[in-house]
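Note: the block below is start_32.pdb and it holds PDB, C-alpha atoms and all ligand atoms.
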MODEL        1
ATOM      1  CA  MET A   1      74.697  57.192 -78.906  1.00  0.00           C
ATOM      2  CA  GLU A   2      75.070  56.353 -82.558  1.00  0.00           C
ATOM      3  CA  ALA A   3      72.453  57.674 -84.860  1.00  0.00           C
ATOM      4  CA  SER A   4      72.626  54.841 -87.339  1.00  0.00           C
ATOM      5  CA  GLY A   5      70.387  52.516 -85.349  1.00  0.00           C
ATOM      6  CA  MET A   6      71.981  49.471 -86.884  1.00  0.00           C
ATOM      7  CA  ARG A   7      73.911  46.710 -85.255  1.00  0.00           C
ATOM      8  CA  SER A   8      75.932  43.902 -86.718  1.00  0.00           C
ATOM      9  CA  LEU A   9      75.043  40.380 -85.745  1.00  0.00           C
ATOM     10  CA  ASN A  10      76.803  37.229 -86.806  1.00  0.00           C
ATOM     11  CA  CYS A  11      75.244  34.875 -89.274  1.00  0.00           C
ATOM     12  CA  PRO A  12      74.984  31.448 -87.608  1.00  0.00           C
ATOM     13  CA  VAL A  13      75.592  29.773 -90.954  1.00  0.00           C
ATOM     14  CA  CYS A  14      78.676  31.468 -92.378  1.00  0.00           C
ATOM     15  CA  ASP A  15      79.653  33.760 -89.479  1.00  0.00           C
ATOM     16  CA  GLY A  16      79.358  36.760 -91.752  1.00  0.00           C
ATOM     17  CA  LYS A  17      78.000  40.064 -90.553  1.00  0.00           C
ATOM     18  CA  VAL A  18      74.358  40.910 -90.939  1.00  0.00           C
ATOM     19  CA  ASP A  19      73.119  44.446 -90.305  1.00  0.00           C
ATOM     20  CA  VAL A  20      69.976  44.518 -88.240  1.00  0.00           C
ATOM     21  CA  PRO A  21      68.137  47.683 -87.182  1.00  0.00           C
ATOM     22  CA  GLU A  22      68.155  48.193 -83.449  1.00  0.00           C
ATOM     23  CA  ASP A  23      64.402  48.442 -83.449  1.00  0.00           C
ATOM     24  CA  ALA A  24      63.962  45.099 -85.176  1.00  0.00           C
ATOM     25  CA  LEU A  25      61.211  42.966 -83.749  1.00  0.00           C
ATOM     26  CA  GLU A  26      61.581  39.392 -82.615  1.00  0.00           C
ATOM     27  CA  GLY A  27      60.631  37.096 -85.423  1.00  0.00           C
ATOM     28  CA  GLU A  28      61.679  39.474 -88.162  1.00  0.00           C
ATOM     29  CA  LEU A  29      63.498  37.831 -91.023  1.00  0.00           C
ATOM     30  CA  PHE A  30      66.740  38.994 -92.545  1.00  0.00           C
ATOM     31  CA  GLU A  31      68.825  37.620 -95.338  1.00  0.00           C
ATOM     32  CA  CYS A  32      72.520  37.114 -94.909  1.00  0.00           C
ATOM     33  CA  GLY A  33      74.321  39.056 -97.610  1.00  0.00           C
ATOM     34  CA  SER A  34      77.159  36.555 -97.648  1.00  0.00           C
ATOM     35  CA  CYS A  35      75.470  33.163 -97.864  1.00  0.00           C
ATOM     36  CA  GLY A  36      71.868  34.109 -98.573  1.00  0.00           C
ATOM     37  CA  ALA A  37      70.467  32.262 -95.566  1.00  0.00           C
ATOM     38  CA  GLN A  38      67.109  33.363 -94.200  1.00  0.00           C
ATOM     39  CA  LEU A  39      67.687  34.376 -90.610  1.00  0.00           C
ATOM     40  CA  GLU A  40      65.227  35.046 -87.849  1.00  0.00           C
ATOM     41  CA  TYR A  41      65.936  37.718 -85.295  1.00  0.00           C
ATOM     42  CA  TYR A  42      65.301  36.821 -81.673  1.00  0.00           C
ATOM     43  CA  LEU A  43      66.378  37.750 -78.202  1.00  0.00           C
ATOM     44  CA  GLU A  44      68.240  35.431 -75.913  1.00  0.00           C
ATOM     45  CA  GLY A  45      67.739  37.132 -72.612  1.00  0.00           C
ATOM     46  CA  GLU A  46      68.668  40.660 -73.623  1.00  0.00           C
ATOM     47  CA  ARG A  47      71.097  39.656 -76.315  1.00  0.00           C
ATOM     48  CA  PRO A  48      69.944  40.051 -79.890  1.00  0.00           C
ATOM     49  CA  LYS A  49      70.716  37.017 -81.997  1.00  0.00           C
ATOM     50  CA  LEU A  50      70.016  35.425 -85.334  1.00  0.00           C
ATOM     51  CA  LYS A  51      69.042  31.857 -86.062  1.00  0.00           C
ATOM     52  CA  MET A  52      68.165  29.918 -89.155  1.00  0.00           C
ATOM     53  CA  ALA A  53      64.599  30.663 -90.070  1.00  0.00           C
ATOM     54  CA  GLU A  54      62.247  27.753 -90.354  1.00  0.00           C
ATOM     55  CA  GLU A  55      61.279  26.943 -93.878  1.00  0.00           C
ATOM     56  CA  VAL A  56      58.204  29.017 -94.328  1.00  0.00           C
ATOM     57  CA  ALA A  57      55.211  26.882 -95.034  1.00  0.00           C
ATOM     58  CA  GLU A  58      56.084  25.982 -98.558  1.00  0.00           C
ATOM     59  CA  ASP A  59      53.821  23.226 -99.656  1.00  0.00           C
ATOM     60  CA  TRP A  60      55.893  20.329-100.757  1.00  0.00           C
ATOM     61  CA  GLY A  61      52.919  18.061-101.288  1.00  0.00           C
ATOM     62  CA  GLU A  62      52.257  17.159-104.880  1.00  0.00           C
TER      63      GLU A  62
HETATM   64 ZN    ZN A 101      75.564  33.796 -93.795  1.00  0.00          ZN
ENDMDL
END
For the structure just supplied, provide its representation as structure tokens.
Ligand SMILES: [Zn+2]
Amino acid sequence: MEASGMRSLNCPVCDGKVDVPEDALEGELFECGSCGAQLEYYLEGERPKLKMAEEVAEDWGE
């Protein structure tokens, strides 16, 4: 077993690599170091994946 506890997932936007701790929780947000996208960690079955995070409740109303 590796001691690092990190795994590399692919950014769905630019296909770059994003390091995610193995003990990350579903719903945690990470930023892609390549394109700056906000990515949400989730599990598809048992496979860890990243998807574009929803825009977080910024109030656009003026
Ligand atoms: Zn990216």
Task: Answer as a list in words, residues within 12 Å of (63.8, 31.6, -81.5) using only C-alpha atoms - done: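 These residues have at least one counted atom within 12 Å: Leu25, Glu26, Gly27, Glu28, Leu29, Leu39, Glu40, Tyr41, Tyr42, Leu43, Glu44, Gly45, Pro48, Lys49, Leu50, Lys51, Met52, Ala53 and Glu54 of chain A.
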Evaluating the PyMOL selection byres (((not hetatm)) within 7 of (chain A and resi 101)) on the displayed file yields which residues, as a PDB file with C-alpha atoms, in the coordinates of the input?
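The resulting file, part-v6.pdb, is shown below:
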ATOM      1  CA  CYS A  11      75.244  34.875 -89.274  1.00  0.00           C
ATOM      2  CA  PRO A  12      74.984  31.448 -87.608  1.00  0.00           C
ATOM      3  CA  VAL A  13      75.592  29.773 -90.954  1.00  0.00           C
ATOM      4  CA  CYS A  14      78.676  31.468 -92.378  1.00  0.00           C
ATOM      5  CA  ASP A  15      79.653  33.760 -89.479  1.00  0.00           C
ATOM      6  CA  GLY A  16      79.358  36.760 -91.752  1.00  0.00           C
ATOM      7  CA  CYS A  32      72.520  37.114 -94.909  1.00  0.00           C
ATOM      8  CA  GLY A  33      74.321  39.056 -97.610  1.00  0.00           C
ATOM      9  CA  SER A  34      77.159  36.555 -97.648  1.00  0.00           C
ATOM     10  CA  CYS A  35      75.470  33.163 -97.864  1.00  0.00           C
ATOM     11  CA  GLY A  36      71.868  34.109 -98.573  1.00  0.00           C
ATOM     12  CA  ALA A  37      70.467  32.262 -95.566  1.00  0.00           C
TER      13      ALA A  37
END
Task: Asp19 (chain A) surroundings by all atoms listed in the file, 7 Å radius, close-in-sequence under 3 positions cut, as a PyMOL selection string - done: chain A and resi 6-9
Enclose all atoms of region 4-10 of chain A listed in the file in an axis-aligned box, grow every side by 8 Å, and hand back centre and edge lengths in Å to one decimal, as lines of an AutoDock Vina configuration file.
center_x = 73.6
center_y = 46.0
center_z = -86.3
size_x = 22.4
size_y = 33.6
size_z = 18.1
